[in-house]
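So this one's entry.pdb, PDB, C-alpha atoms and all ligand atoms:
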```pdb
ATOM      1  CA  MET A   1      -7.448 -45.970 -11.902  1.00  0.00           C
ATOM      2  CA  LYS A   2      -6.746 -42.523 -13.282  1.00  0.00           C
ATOM      3  CA  PHE A   3      -3.551 -41.676 -15.168  1.00  0.00           C
ATOM      4  CA  MET A   4      -2.268 -38.366 -16.430  1.00  0.00           C
ATOM      5  CA  LEU A   5      -0.264 -38.500 -19.659  1.00  0.00           C
ATOM      6  CA  MET A   6       1.779 -35.810 -21.328  1.00  0.00           C
ATOM      7  CA  ALA A   7       4.484 -35.404 -23.957  1.00  0.00           C
ATOM      8  CA  ALA A   8       7.054 -32.745 -23.097  1.00  0.00           C
ATOM      9  CA  ALA A   9       6.969 -31.418 -26.630  1.00  0.00           C
ATOM     10  CA  LEU A  10       5.348 -28.482 -28.378  1.00  0.00           C
ATOM     11  CA  ARG A  11       5.777 -29.243 -32.082  1.00  0.00           C
ATOM     12  CA  GLN A  12       2.792 -30.661 -33.909  1.00  0.00           C
ATOM     13  CA  GLY A  13       4.444 -33.691 -35.502  1.00  0.00           C
ATOM     14  CA  SER A  14       6.256 -34.654 -32.283  1.00  0.00           C
ATOM     15  CA  PHE A  15       7.296 -38.320 -32.033  1.00  0.00           C
ATOM     16  CA  ASN A  16       6.863 -38.086 -28.271  1.00  0.00           C
ATOM     17  CA  LYS A  17       3.259 -36.949 -28.769  1.00  0.00           C
ATOM     18  CA  LYS A  18       2.759 -39.981 -31.021  1.00  0.00           C
ATOM     19  CA  LEU A  19       4.285 -42.268 -28.408  1.00  0.00           C
ATOM     20  CA  ILE A  20       2.117 -40.861 -25.614  1.00  0.00           C
ATOM     21  CA  ALA A  21      -0.924 -41.434 -27.857  1.00  0.00           C
ATOM     22  CA  VAL A  22       0.090 -45.106 -28.164  1.00  0.00           C
ATOM     23  CA  ALA A  23       0.466 -45.350 -24.379  1.00  0.00           C
ATOM     24  CA  ALA A  24      -2.933 -43.678 -23.924  1.00  0.00           C
ATOM     25  CA  LYS A  25      -4.599 -46.212 -26.214  1.00  0.00           C
ATOM     26  CA  ILE A  26      -3.041 -49.098 -24.286  1.00  0.00           C
ATOM     27  CA  LEU A  27      -4.041 -47.722 -20.871  1.00  0.00           C
ATOM     28  CA  GLN A  28      -7.558 -47.097 -22.124  1.00  0.00           C
ATOM     29  CA  SER A  29      -7.794 -50.680 -23.401  1.00  0.00           C
ATOM     30  CA  GLN A  30      -6.674 -51.813 -19.930  1.00  0.00           C
ATOM     31  CA  GLY A  31      -9.727 -50.027 -18.499  1.00  0.00           C
ATOM     32  CA  HIS A  32      -8.148 -46.925 -16.984  1.00  0.00           C
ATOM     33  CA  VAL A  33      -9.414 -43.345 -16.940  1.00  0.00           C
ATOM     34  CA  LEU A  34      -7.084 -40.871 -18.630  1.00  0.00           C
ATOM     35  CA  ASP A  35      -6.215 -37.206 -18.356  1.00  0.00           C
ATOM     36  CA  LEU A  36      -4.400 -36.580 -21.627  1.00  0.00           C
ATOM     37  CA  ALA A  37      -2.596 -33.277 -21.153  1.00  0.00           C
ATOM     38  CA  ASP A  38      -1.007 -31.059 -23.783  1.00  0.00           C
ATOM     39  CA  PHE A  39       2.247 -29.440 -22.678  1.00  0.00           C
ATOM     40  CA  ALA A  40       1.057 -26.105 -24.104  1.00  0.00           C
ATOM     41  CA  GLU A  41      -1.641 -26.002 -21.407  1.00  0.00           C
ATOM     42  CA  PHE A  42       1.064 -25.375 -18.797  1.00  0.00           C
ATOM     43  CA  ASP A  43       2.473 -22.143 -20.076  1.00  0.00           C
ATOM     44  CA  VAL A  44       4.923 -20.688 -17.540  1.00  0.00           C
ATOM     45  CA  PRO A  45       7.579 -17.963 -17.791  1.00  0.00           C
ATOM     46  CA  LEU A  46      11.255 -18.781 -17.320  1.00  0.00           C
ATOM     47  CA  TYR A  47      11.821 -19.374 -13.609  1.00  0.00           C
ATOM     48  CA  ASN A  48      12.834 -16.143 -11.904  1.00  0.00           C
ATOM     49  CA  GLY A  49      12.960 -15.781  -8.122  1.00  0.00           C
ATOM     50  CA  ASP A  50      11.962 -12.107  -8.311  1.00  0.00           C
ATOM     51  CA  LEU A  51       8.883 -12.991 -10.352  1.00  0.00           C
ATOM     52  CA  GLU A  52       8.026 -15.694  -7.840  1.00  0.00           C
ATOM     53  CA  GLN A  53       8.244 -13.178  -4.977  1.00  0.00           C
ATOM     54  CA  GLN A  54       6.169 -10.581  -6.797  1.00  0.00           C
ATOM     55  CA  GLN A  55       3.508 -12.771  -8.423  1.00  0.00           C
ATOM     56  CA  GLY A  56       3.750 -16.204  -6.792  1.00  0.00           C
ATOM     57  CA  ILE A  57       3.560 -19.490  -8.664  1.00  0.00           C
ATOM     58  CA  PRO A  58       2.193 -19.111 -12.232  1.00  0.00           C
ATOM     59  CA  SER A  59      -1.183 -20.681 -12.955  1.00  0.00           C
ATOM     60  CA  GLY A  60       0.334 -23.104 -15.506  1.00  0.00           C
ATOM     61  CA  ALA A  61       2.465 -24.693 -12.774  1.00  0.00           C
ATOM     62  CA  GLN A  62      -0.453 -24.792 -10.343  1.00  0.00           C
ATOM     63  CA  ASP A  63      -2.672 -26.458 -12.960  1.00  0.00           C
ATOM     64  CA  PHE A  64      -0.011 -29.051 -13.660  1.00  0.00           C
ATOM     65  CA  ALA A  65       0.340 -29.805  -9.927  1.00  0.00           C
ATOM     66  CA  LYS A  66      -3.420 -30.177  -9.527  1.00  0.00           C
ATOM     67  CA  ARG A  67      -3.711 -32.531 -12.509  1.00  0.00           C
ATOM     68  CA  MET A  68      -0.866 -34.663 -11.092  1.00  0.00           C
ATOM     69  CA  GLN A  69      -2.536 -34.798  -7.689  1.00  0.00           C
ATOM     70  CA  ASP A  70      -5.785 -36.017  -9.270  1.00  0.00           C
ATOM     71  CA  ALA A  71      -4.091 -39.035 -10.873  1.00  0.00           C
ATOM     72  CA  GLN A  72      -2.717 -42.238  -9.348  1.00  0.00           C
ATOM     73  CA  GLY A  73       0.077 -42.268 -11.913  1.00  0.00           C
ATOM     74  CA  ILE A  74       1.706 -39.948 -14.434  1.00  0.00           C
ATOM     75  CA  VAL A  75       3.243 -40.998 -17.747  1.00  0.00           C
ATOM     76  CA  ILE A  76       5.609 -38.540 -19.425  1.00  0.00           C
ATOM     77  CA  ALA A  77       7.178 -38.925 -22.867  1.00  0.00           C
ATOM     78  CA  SER A  78      10.137 -36.619 -23.242  1.00  0.00           C
ATOM     79  CA  PRO A  79      12.551 -35.857 -26.063  1.00  0.00           C
ATOM     80  CA  GLU A  80      16.278 -35.896 -25.284  1.00  0.00           C
ATOM     81  CA  TYR A  81      18.028 -32.587 -25.902  1.00  0.00           C
ATOM     82  CA  ASN A  82      21.816 -32.691 -25.823  1.00  0.00           C
ATOM     83  CA  PHE A  83      21.743 -35.909 -23.758  1.00  0.00           C
ATOM     84  CA  SER A  84      19.499 -34.198 -21.219  1.00  0.00           C
ATOM     85  CA  VAL A  85      16.041 -32.827 -20.347  1.00  0.00           C
ATOM     86  CA  PRO A  86      14.401 -30.282 -22.720  1.00  0.00           C
ATOM     87  CA  GLY A  87      14.479 -26.819 -21.170  1.00  0.00           C
ATOM     88  CA  ILE A  88      10.695 -26.427 -21.297  1.00  0.00           C
ATOM     89  CA  LEU A  89      10.184 -29.490 -19.103  1.00  0.00           C
ATOM     90  CA  LYS A  90      12.967 -28.657 -16.643  1.00  0.00           C
ATOM     91  CA  ASN A  91      11.569 -25.134 -16.302  1.00  0.00           C
ATOM     92  CA  LEU A  92       8.080 -26.491 -15.542  1.00  0.00           C
ATOM     93  CA  ILE A  93       9.501 -28.944 -12.975  1.00  0.00           C
ATOM     94  CA  ASP A  94      11.418 -26.096 -11.312  1.00  0.00           C
ATOM     95  CA  TRP A  95       8.271 -23.967 -10.969  1.00  0.00           C
ATOM     96  CA  VAL A  96       6.145 -26.870  -9.710  1.00  0.00           C
ATOM     97  CA  SER A  97       8.860 -27.790  -7.181  1.00  0.00           C
ATOM     98  CA  ARG A  98       8.416 -24.322  -5.607  1.00  0.00           C
ATOM     99  CA  ILE A  99       4.828 -25.070  -4.548  1.00  0.00           C
ATOM    100  CA  ASP A 100       4.724 -25.520  -0.766  1.00  0.00           C
ATOM    101  CA  ALA A 101       2.632 -28.702  -0.924  1.00  0.00           C
ATOM    102  CA  LYS A 102       5.479 -30.493  -2.803  1.00  0.00           C
ATOM    103  CA  PRO A 103       3.264 -31.819  -5.636  1.00  0.00           C
ATOM    104  CA  PHE A 104       5.809 -34.348  -6.936  1.00  0.00           C
ATOM    105  CA  ASN A 105       6.142 -36.024  -3.558  1.00  0.00           C
ATOM    106  CA  LYS A 106       4.982 -39.666  -3.721  1.00  0.00           C
ATOM    107  CA  ARG A 107       3.668 -39.282  -7.301  1.00  0.00           C
ATOM    108  CA  ASN A 108       4.074 -42.482  -9.329  1.00  0.00           C
ATOM    109  CA  MET A 109       5.714 -41.783 -12.675  1.00  0.00           C
ATOM    110  CA  TYR A 110       6.642 -43.767 -15.766  1.00  0.00           C
ATOM    111  CA  LEU A 111       9.017 -42.260 -18.324  1.00  0.00           C
ATOM    112  CA  LEU A 112       9.054 -42.722 -22.087  1.00  0.00           C
ATOM    113  CA  SER A 113      11.144 -41.151 -24.821  1.00  0.00           C
ATOM    114  CA  ALA A 114      11.233 -41.164 -28.598  1.00  0.00           C
ATOM    115  CA  SER A 115      14.019 -40.016 -30.864  1.00  0.00           C
ATOM    116  CA  PRO A 116      15.167 -40.576 -34.437  1.00  0.00           C
ATOM    117  CA  SER A 117      18.495 -41.733 -32.940  1.00  0.00           C
ATOM    118  CA  LEU A 118      19.450 -45.340 -32.223  1.00  0.00           C
ATOM    119  CA  VAL A 119      19.413 -44.726 -28.454  1.00  0.00           C
ATOM    120  CA  GLY A 120      15.830 -43.425 -28.481  1.00  0.00           C
ATOM    121  CA  GLY A 121      16.485 -40.549 -26.073  1.00  0.00           C
ATOM    122  CA  ASN A 122      17.209 -42.819 -23.124  1.00  0.00           C
ATOM    123  CA  ARG A 123      20.096 -40.709 -21.819  1.00  0.00           C
ATOM    124  CA  GLY A 124      17.730 -37.779 -21.353  1.00  0.00           C
ATOM    125  CA  LEU A 125      15.412 -39.916 -19.237  1.00  0.00           C
ATOM    126  CA  TRP A 126      18.215 -40.675 -16.783  1.00  0.00           C
ATOM    127  CA  GLN A 127      18.661 -36.931 -16.309  1.00  0.00           C
ATOM    128  CA  LEU A 128      14.916 -36.406 -15.984  1.00  0.00           C
ATOM    129  CA  ARG A 129      14.727 -39.133 -13.342  1.00  0.00           C
ATOM    130  CA  ILE A 130      17.254 -37.237 -11.197  1.00  0.00           C
ATOM    131  CA  SER A 131      15.117 -34.068 -11.022  1.00  0.00           C
ATOM    132  CA  LEU A 132      11.865 -35.964 -10.439  1.00  0.00           C
ATOM    133  CA  GLU A 133      13.364 -38.155  -7.717  1.00  0.00           C
ATOM    134  CA  CYS A 134      14.911 -35.062  -6.141  1.00  0.00           C
ATOM    135  CA  CYS A 135      11.339 -33.747  -5.851  1.00  0.00           C
ATOM    136  CA  GLY A 136      10.126 -36.974  -4.213  1.00  0.00           C
ATOM    137  CA  ALA A 137       8.503 -38.712  -7.200  1.00  0.00           C
ATOM    138  CA  ARG A 138       8.457 -42.512  -7.305  1.00  0.00           C
ATOM    139  CA  VAL A 139       9.870 -43.033 -10.776  1.00  0.00           C
ATOM    140  CA  TYR A 140       9.180 -46.554 -12.070  1.00  0.00           C
ATOM    141  CA  PRO A 141      12.524 -48.402 -12.460  1.00  0.00           C
ATOM    142  CA  SER A 142      12.073 -49.386 -16.100  1.00  0.00           C
ATOM    143  CA  MET A 143      11.854 -46.738 -18.829  1.00  0.00           C
ATOM    144  CA  PHE A 144      10.772 -47.124 -22.464  1.00  0.00           C
ATOM    145  CA  SER A 145      12.821 -45.476 -25.204  1.00  0.00           C
ATOM    146  CA  LEU A 146      11.750 -45.656 -28.839  1.00  0.00           C
ATOM    147  CA  ALA A 147      14.703 -45.563 -31.256  1.00  0.00           C
ATOM    148  CA  SER A 148      14.442 -44.580 -34.952  1.00  0.00           C
ATOM    149  CA  ALA A 149      11.158 -42.898 -34.089  1.00  0.00           C
ATOM    150  CA  HIS A 150      10.838 -41.405 -37.585  1.00  0.00           C
ATOM    151  CA  GLN A 151      10.305 -44.969 -38.887  1.00  0.00           C
ATOM    152  CA  ALA A 152       8.624 -46.567 -35.868  1.00  0.00           C
ATOM    153  CA  PHE A 153       4.944 -45.664 -36.341  1.00  0.00           C
ATOM    154  CA  SER A 154       2.400 -47.180 -38.718  1.00  0.00           C
ATOM    155  CA  GLN A 155       0.003 -45.011 -40.737  1.00  0.00           C
ATOM    156  CA  GLU A 156      -2.613 -45.435 -37.985  1.00  0.00           C
ATOM    157  CA  GLY A 157      -0.142 -44.284 -35.332  1.00  0.00           C
ATOM    158  CA  SER A 158       0.581 -47.614 -33.644  1.00  0.00           C
ATOM    159  CA  LEU A 159       4.079 -49.057 -33.173  1.00  0.00           C
ATOM    160  CA  SER A 160       5.065 -51.020 -36.288  1.00  0.00           C
ATOM    161  CA  ASP A 161       7.264 -53.427 -34.314  1.00  0.00           C
ATOM    162  CA  THR A 162       4.881 -55.791 -32.514  1.00  0.00           C
ATOM    163  CA  ASN A 163       7.581 -56.942 -30.066  1.00  0.00           C
ATOM    164  CA  LEU A 164       8.079 -53.345 -28.957  1.00  0.00           C
ATOM    165  CA  SER A 165       4.348 -52.848 -28.781  1.00  0.00           C
ATOM    166  CA  HIS A 166       3.955 -55.858 -26.491  1.00  0.00           C
ATOM    167  CA  ARG A 167       6.823 -54.652 -24.331  1.00  0.00           C
ATOM    168  CA  LEU A 168       5.162 -51.284 -23.876  1.00  0.00           C
ATOM    169  CA  GLU A 169       1.833 -52.961 -23.045  1.00  0.00           C
ATOM    170  CA  GLN A 170       3.513 -55.144 -20.427  1.00  0.00           C
ATOM    171  CA  GLU A 171       5.464 -52.275 -18.892  1.00  0.00           C
ATOM    172  CA  LEU A 172       2.355 -50.114 -18.675  1.00  0.00           C
ATOM    173  CA  GLN A 173       0.502 -52.935 -16.994  1.00  0.00           C
ATOM    174  CA  ASP A 174       3.377 -53.387 -14.524  1.00  0.00           C
ATOM    175  CA  PHE A 175       3.438 -49.623 -13.903  1.00  0.00           C
ATOM    176  CA  THR A 176      -0.286 -49.531 -13.183  1.00  0.00           C
ATOM    177  CA  GLU A 177       0.167 -52.349 -10.670  1.00  0.00           C
ATOM    178  CA  PHE A 178       3.107 -50.447  -9.107  1.00  0.00           C
ATOM    179  CA  SER A 179       0.871 -47.345  -8.874  1.00  0.00           C
ATOM    180  CA  ARG A 180      -2.060 -49.317  -7.463  1.00  0.00           C
ATOM    181  CA  ARG A 181       0.053 -50.820  -4.678  1.00  0.00           C
ATOM    182  CA  LEU A 182       1.732 -47.552  -3.780  1.00  0.00           C
ATOM    183  CA  SER A 183      -1.504 -45.541  -3.855  1.00  0.00           C
ATOM    184  CA  ALA A 184      -3.279 -47.979  -1.545  1.00  0.00           C
TER     185      ALA A 184
HETATM  186  C1  LIG B   1      18.225 -28.732 -29.205  1.00  0.00           C
HETATM  187  C2  LIG B   1      18.102 -30.173 -29.631  1.00  0.00           C
HETATM  188  C3  LIG B   1      18.953 -31.096 -29.090  1.00  0.00           C
HETATM  189  C4  LIG B   1      18.822 -32.445 -29.439  1.00  0.00           C
HETATM  190  N1  LIG B   1      19.614 -33.379 -28.817  1.00  0.00           N
HETATM  191  C5  LIG B   1      19.379 -34.692 -29.036  1.00  0.00           C
HETATM  192  C6  LIG B   1      20.055 -35.689 -28.282  1.00  0.00           C
HETATM  193  O1  LIG B   1      20.895 -35.412 -27.440  1.00  0.00           O
HETATM  194  N2  LIG B   1      19.753 -36.986 -28.518  1.00  0.00           N
HETATM  195  C7  LIG B   1      18.796 -37.361 -29.429  1.00  0.00           C
HETATM  196  O2  LIG B   1      18.534 -38.546 -29.570  1.00  0.00           O
HETATM  197  N3  LIG B   1      18.158 -36.444 -30.172  1.00  0.00           N
HETATM  198  C8  LIG B   1      18.416 -35.132 -29.994  1.00  0.00           C
HETATM  199  N4  LIG B   1      17.737 -34.181 -30.701  1.00  0.00           N
HETATM  200  C9  LIG B   1      16.796 -34.631 -31.738  1.00  0.00           C
HETATM  201  C10 LIG B   1      15.433 -34.909 -31.132  1.00  0.00           C
HETATM  202  O3  LIG B   1      15.423 -36.205 -30.581  1.00  0.00           O
HETATM  203  C11 LIG B   1      14.390 -34.814 -32.227  1.00  0.00           C
HETATM  204  O4  LIG B   1      14.316 -33.483 -32.677  1.00  0.00           O
HETATM  205  C12 LIG B   1      13.043 -35.285 -31.760  1.00  0.00           C
HETATM  206  O5  LIG B   1      12.216 -35.461 -32.866  1.00  0.00           O
HETATM  207  C13 LIG B   1      12.437 -34.317 -30.733  1.00  0.00           C
HETATM  208  O6  LIG B   1      11.294 -34.871 -30.163  1.00  0.00           O
HETATM  209  P1  LIG B   1       9.813 -34.629 -30.756  1.00  0.00           P
HETATM  210  O7  LIG B   1       9.765 -35.384 -32.054  1.00  0.00           O
HETATM  211  O8  LIG B   1       8.910 -35.203 -29.730  1.00  0.00           O
HETATM  212  O9  LIG B   1       9.628 -33.159 -30.972  1.00  0.00           O
HETATM  213  C14 LIG B   1      17.857 -32.842 -30.398  1.00  0.00           C
HETATM  214  C15 LIG B   1      17.027 -31.861 -30.953  1.00  0.00           C
HETATM  215  C16 LIG B   1      17.145 -30.557 -30.579  1.00  0.00           C
HETATM  216  C17 LIG B   1      16.193 -29.533 -31.174  1.00  0.00           C
END
```
What is this structure when it is put down as structure tokens?
Ligand SMILES: Cc1cc2nc3c(=O)[nH]c(=O)nc-3n(C[C@H](O)[C@H](O)[C@H](O)COP(=O)(O)O)c2cc1C
Amino acid sequence: MKFMLMAAALRQGSFNKKLIAVAAKILQSQGHVLDLADFAEFDVPLYNGDLEQQQGIPSGAQDFAKRMQDAQGIVIASPEYNFSVPGILKNLIDWVSRIDAKPFNKRNMYLLSASPSLVGGNRGLWQLRISLECCGARVYPSMFSLASAHQAFSQEGSLSDTNLSHRLEQELQDFTEFSRRLSA
């Protein structure tokens, strides 16, 4: 099966980018085909209804929609900003939601977060789930939040805590099964 993965982060040393790389390695080892996207590929202006009327949907949003459509499941790792969704991700969702074909509808999605905090950014994922479900996405019930992310990765980029690593492996396997059944 094909999965699209993306961290909703722009900074180079992003913990969410590191976490999505761990998820990518696991999915690859489980035999899946990956589309590893970089958030910077989906450059869009701030949503503005006038701009939409004059110029239509920006190419960054259309590209994102197409890449989602080509995958049986989408994995997003998102930071938590002020207990909520980072503006860059919410803005992209808002643009993509304006596409007539409703690209989020019936997309299978699994949400991850990483944060230096003890909660791991989990509160932001609950907010993110609301917008995605509003747009028709099938958001997998369980979500994976990595706490103390500044101390959680080994030199090679894997998760230092093997229990957490196994949990992520299991959840990804369960998510792929969820996606397989719903895509059938
Ligand atoms: C504007 C802003 C708001 C933040 N709010 C939260 C927050 O509510 N909860 C949290 O755990 N971390 C918060 N943080 C810290 C981020 O979790 C931290 O910067 C994290 O490393 C960002 O993700 P990244 O490493 O993928 O870039 C915030 C950071 C910024 C810049």
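Within 8 Å of the file-frame point (13.0, -45.9, -25.4), and using all atoms listed in the file, the polymer residues found are Leu112, Ser113, Ala114, Val119, Gly120, Gly121, Asn122, Met143, Phe144, Ser145, Leu146 and Ala147 of chain A.
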Put those residues in a file: C-alpha atoms, as a PDB file, in the coordinates of the input.
```
ATOM      1  CA  LEU A 112       9.054 -42.722 -22.087  1.00  0.00           C
ATOM      2  CA  SER A 113      11.144 -41.151 -24.821  1.00  0.00           C
ATOM      3  CA  ALA A 114      11.233 -41.164 -28.598  1.00  0.00           C
ATOM      4  CA  VAL A 119      19.413 -44.726 -28.454  1.00  0.00           C
ATOM      5  CA  GLY A 120      15.830 -43.425 -28.481  1.00  0.00           C
ATOM      6  CA  GLY A 121      16.485 -40.549 -26.073  1.00  0.00           C
ATOM      7  CA  ASN A 122      17.209 -42.819 -23.124  1.00  0.00           C
ATOM      8  CA  MET A 143      11.854 -46.738 -18.829  1.00  0.00           C
ATOM      9  CA  PHE A 144      10.772 -47.124 -22.464  1.00  0.00           C
ATOM     10  CA  SER A 145      12.821 -45.476 -25.204  1.00  0.00           C
ATOM     11  CA  LEU A 146      11.750 -45.656 -28.839  1.00  0.00           C
ATOM     12  CA  ALA A 147      14.703 -45.563 -31.256  1.00  0.00           C
TER      13      ALA A 147
END
```
Against segment 2-13 of chain A, which residues of segment 84-148 of chain A fall within 12 Å? For each one I want the closest pair of atoms and the distance in Å (one decimal), counting all atoms listed in the file, rows by chain and increasing residue number, as CSV.
```
residue,atom,partner,partner_atom,distance
A:Val85,CA,A:Ala8,CA,9.4
A:Pro86,CA,A:Ala8,CA,7.8
A:Gly87,CA,A:Ala8,CA,9.7
A:Ile88,CA,A:Ala8,CA,7.5
A:Leu89,CA,A:Ala8,CA,6.0
A:Lys90,CA,A:Ala8,CA,9.7
A:Asn91,CA,A:Ala8,CA,11.2
A:Leu92,CA,A:Ala8,CA,9.9
A:Ile93,CA,A:Ala8,CA,11.1
A:Arg107,CA,A:Met4,CA,10.9
A:Asn108,CA,A:Phe3,CA,9.6
A:Met109,CA,A:Met4,CA,9.5
A:Tyr110,CA,A:Leu5,CA,9.5
A:Leu111,CA,A:Ala7,CA,10.0
A:Leu112,CA,A:Ala7,CA,8.8
A:Ser113,CA,A:Ala7,CA,8.8
A:Ala114,CA,A:Ala7,CA,10.0
A:Ser115,CA,A:Ala9,CA,11.9
A:Gly124,CA,A:Ala8,CA,11.9
A:Leu125,CA,A:Ala8,CA,11.7
A:Leu128,CA,A:Ala8,CA,11.2
```
Q: Pick out the closest residue to ligand LIG 1 (chain B) from this set: A:Asp35, A:Asp70, A:Asp50, A:Glu80. Count only C-alpha atoms and all ligand atoms.
A: A:Glu80
Q. So which residues get picked by the PyMOL selection byres (((chain A and resi 161-167) around 12) and not hetatm) here, written as a PyMOL selection string?
A. chain A and resi 19+22-23+25-26+142-149+151-154+157-160+168-174
(Q) Which residues, named as in the file, does the PyMOL selection byres (((chain A and resi 65) around 12) and not hetatm) pick out? Answer as an NGL selection string. (A) :A and (4 or 42 or 57-64 or 66-71 or 74 or 92-105 or 107)
Next, the residues of the selection above should be written as a PDB file, keeping the file's coordinate frame with C-alpha atoms.
```pdb
ATOM      1  CA  MET A   4      -2.268 -38.366 -16.430  1.00  0.00           C
ATOM      2  CA  PHE A  42       1.064 -25.375 -18.797  1.00  0.00           C
ATOM      3  CA  ILE A  57       3.560 -19.490  -8.664  1.00  0.00           C
ATOM      4  CA  PRO A  58       2.193 -19.111 -12.232  1.00  0.00           C
ATOM      5  CA  SER A  59      -1.183 -20.681 -12.955  1.00  0.00           C
ATOM      6  CA  GLY A  60       0.334 -23.104 -15.506  1.00  0.00           C
ATOM      7  CA  ALA A  61       2.465 -24.693 -12.774  1.00  0.00           C
ATOM      8  CA  GLN A  62      -0.453 -24.792 -10.343  1.00  0.00           C
ATOM      9  CA  ASP A  63      -2.672 -26.458 -12.960  1.00  0.00           C
ATOM     10  CA  PHE A  64      -0.011 -29.051 -13.660  1.00  0.00           C
ATOM     11  CA  LYS A  66      -3.420 -30.177  -9.527  1.00  0.00           C
ATOM     12  CA  ARG A  67      -3.711 -32.531 -12.509  1.00  0.00           C
ATOM     13  CA  MET A  68      -0.866 -34.663 -11.092  1.00  0.00           C
ATOM     14  CA  GLN A  69      -2.536 -34.798  -7.689  1.00  0.00           C
ATOM     15  CA  ASP A  70      -5.785 -36.017  -9.270  1.00  0.00           C
ATOM     16  CA  ALA A  71      -4.091 -39.035 -10.873  1.00  0.00           C
ATOM     17  CA  ILE A  74       1.706 -39.948 -14.434  1.00  0.00           C
ATOM     18  CA  LEU A  92       8.080 -26.491 -15.542  1.00  0.00           C
ATOM     19  CA  ILE A  93       9.501 -28.944 -12.975  1.00  0.00           C
ATOM     20  CA  ASP A  94      11.418 -26.096 -11.312  1.00  0.00           C
ATOM     21  CA  TRP A  95       8.271 -23.967 -10.969  1.00  0.00           C
ATOM     22  CA  VAL A  96       6.145 -26.870  -9.710  1.00  0.00           C
ATOM     23  CA  SER A  97       8.860 -27.790  -7.181  1.00  0.00           C
ATOM     24  CA  ARG A  98       8.416 -24.322  -5.607  1.00  0.00           C
ATOM     25  CA  ILE A  99       4.828 -25.070  -4.548  1.00  0.00           C
ATOM     26  CA  ASP A 100       4.724 -25.520  -0.766  1.00  0.00           C
ATOM     27  CA  ALA A 101       2.632 -28.702  -0.924  1.00  0.00           C
ATOM     28  CA  LYS A 102       5.479 -30.493  -2.803  1.00  0.00           C
ATOM     29  CA  PRO A 103       3.264 -31.819  -5.636  1.00  0.00           C
ATOM     30  CA  PHE A 104       5.809 -34.348  -6.936  1.00  0.00           C
ATOM     31  CA  ASN A 105       6.142 -36.024  -3.558  1.00  0.00           C
ATOM     32  CA  ARG A 107       3.668 -39.282  -7.301  1.00  0.00           C
TER      33      ARG A 107
END
```
Q) Which is closest to ligand LIG 1 (chain B) among A:Lys17, A:Lys106, A:Arg138, A:Arg180, if we use only C-alpha atoms and all ligand atoms? A)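 Among A:Lys17, A:Lys106, A:Arg138, A:Arg180, it is A:Lys17 that comes nearest to ligand LIG 1 (chain B).
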Q | Residue among A:Ile76, A:Met1, A:Leu51, A:Ala40 lying closest to Gln28 of chain A, counting all atoms listed in the file | A |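 Looking at the shortest contact to Gln28 of chain A, the residue is A:Met1.
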Q: Rank A:His150, A:Gly31, A:Trp126, A:Leu36 by their smallest atom-to-atom distance to ligand LIG 1 (chain B), using all atoms listed in the file, and report the top residue only.
A: A:His150
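Distance annotation: of A:Asn16, A:Gln54, A:Ser131, A:Gln30, the residue with the minimal separation from ligand LIG 1 (chain B) is A:Asn16; atom set is all atoms listed in the file.
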Q.
Please determine, counting all atoms listed in the file, which residue among A:Ser183, A:Ile20, A:Glu133, A:Val139 has the shortest atom-to-atom distance to ligand LIG 1 (chain B).
A. A:Ile20
Exercise on ligand LIG 1 (chain B), axis-aligned box with 8 Å per side, report centre and edge lengths in Å to one decimal, as lines of an AutoDock Vina configuration file:
```
center_x = 14.9
center_y = -33.6
center_z = -30.2
size_x = 28.0
size_y = 25.8
size_z = 21.4
```
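Separating atom N4 of ligand LIG 1 (chain B) from atom CA of Asn82 of chain A is a distance of 6.5 Å.
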Q.
Using Å and a single decimal, report how far atom CA of Phe15 of chain A sits from atom CA of Leu27 of chain A.
A. 18.5 Å
Q | Coordinates-based distance that separates atom CA of Ala21 of chain A from atom CA of Ala37 of chain A (Å, one decimal) | A | 10.7 Å
Q. If we count all atoms listed in the file, what is near Ser179 of chain A at a cut-off of 8 Å, once residues fewer than 2 positions away on the same chain are taken out, given as number ranges by chain?
A. A: 72-73, 108, 175-177, 181-183
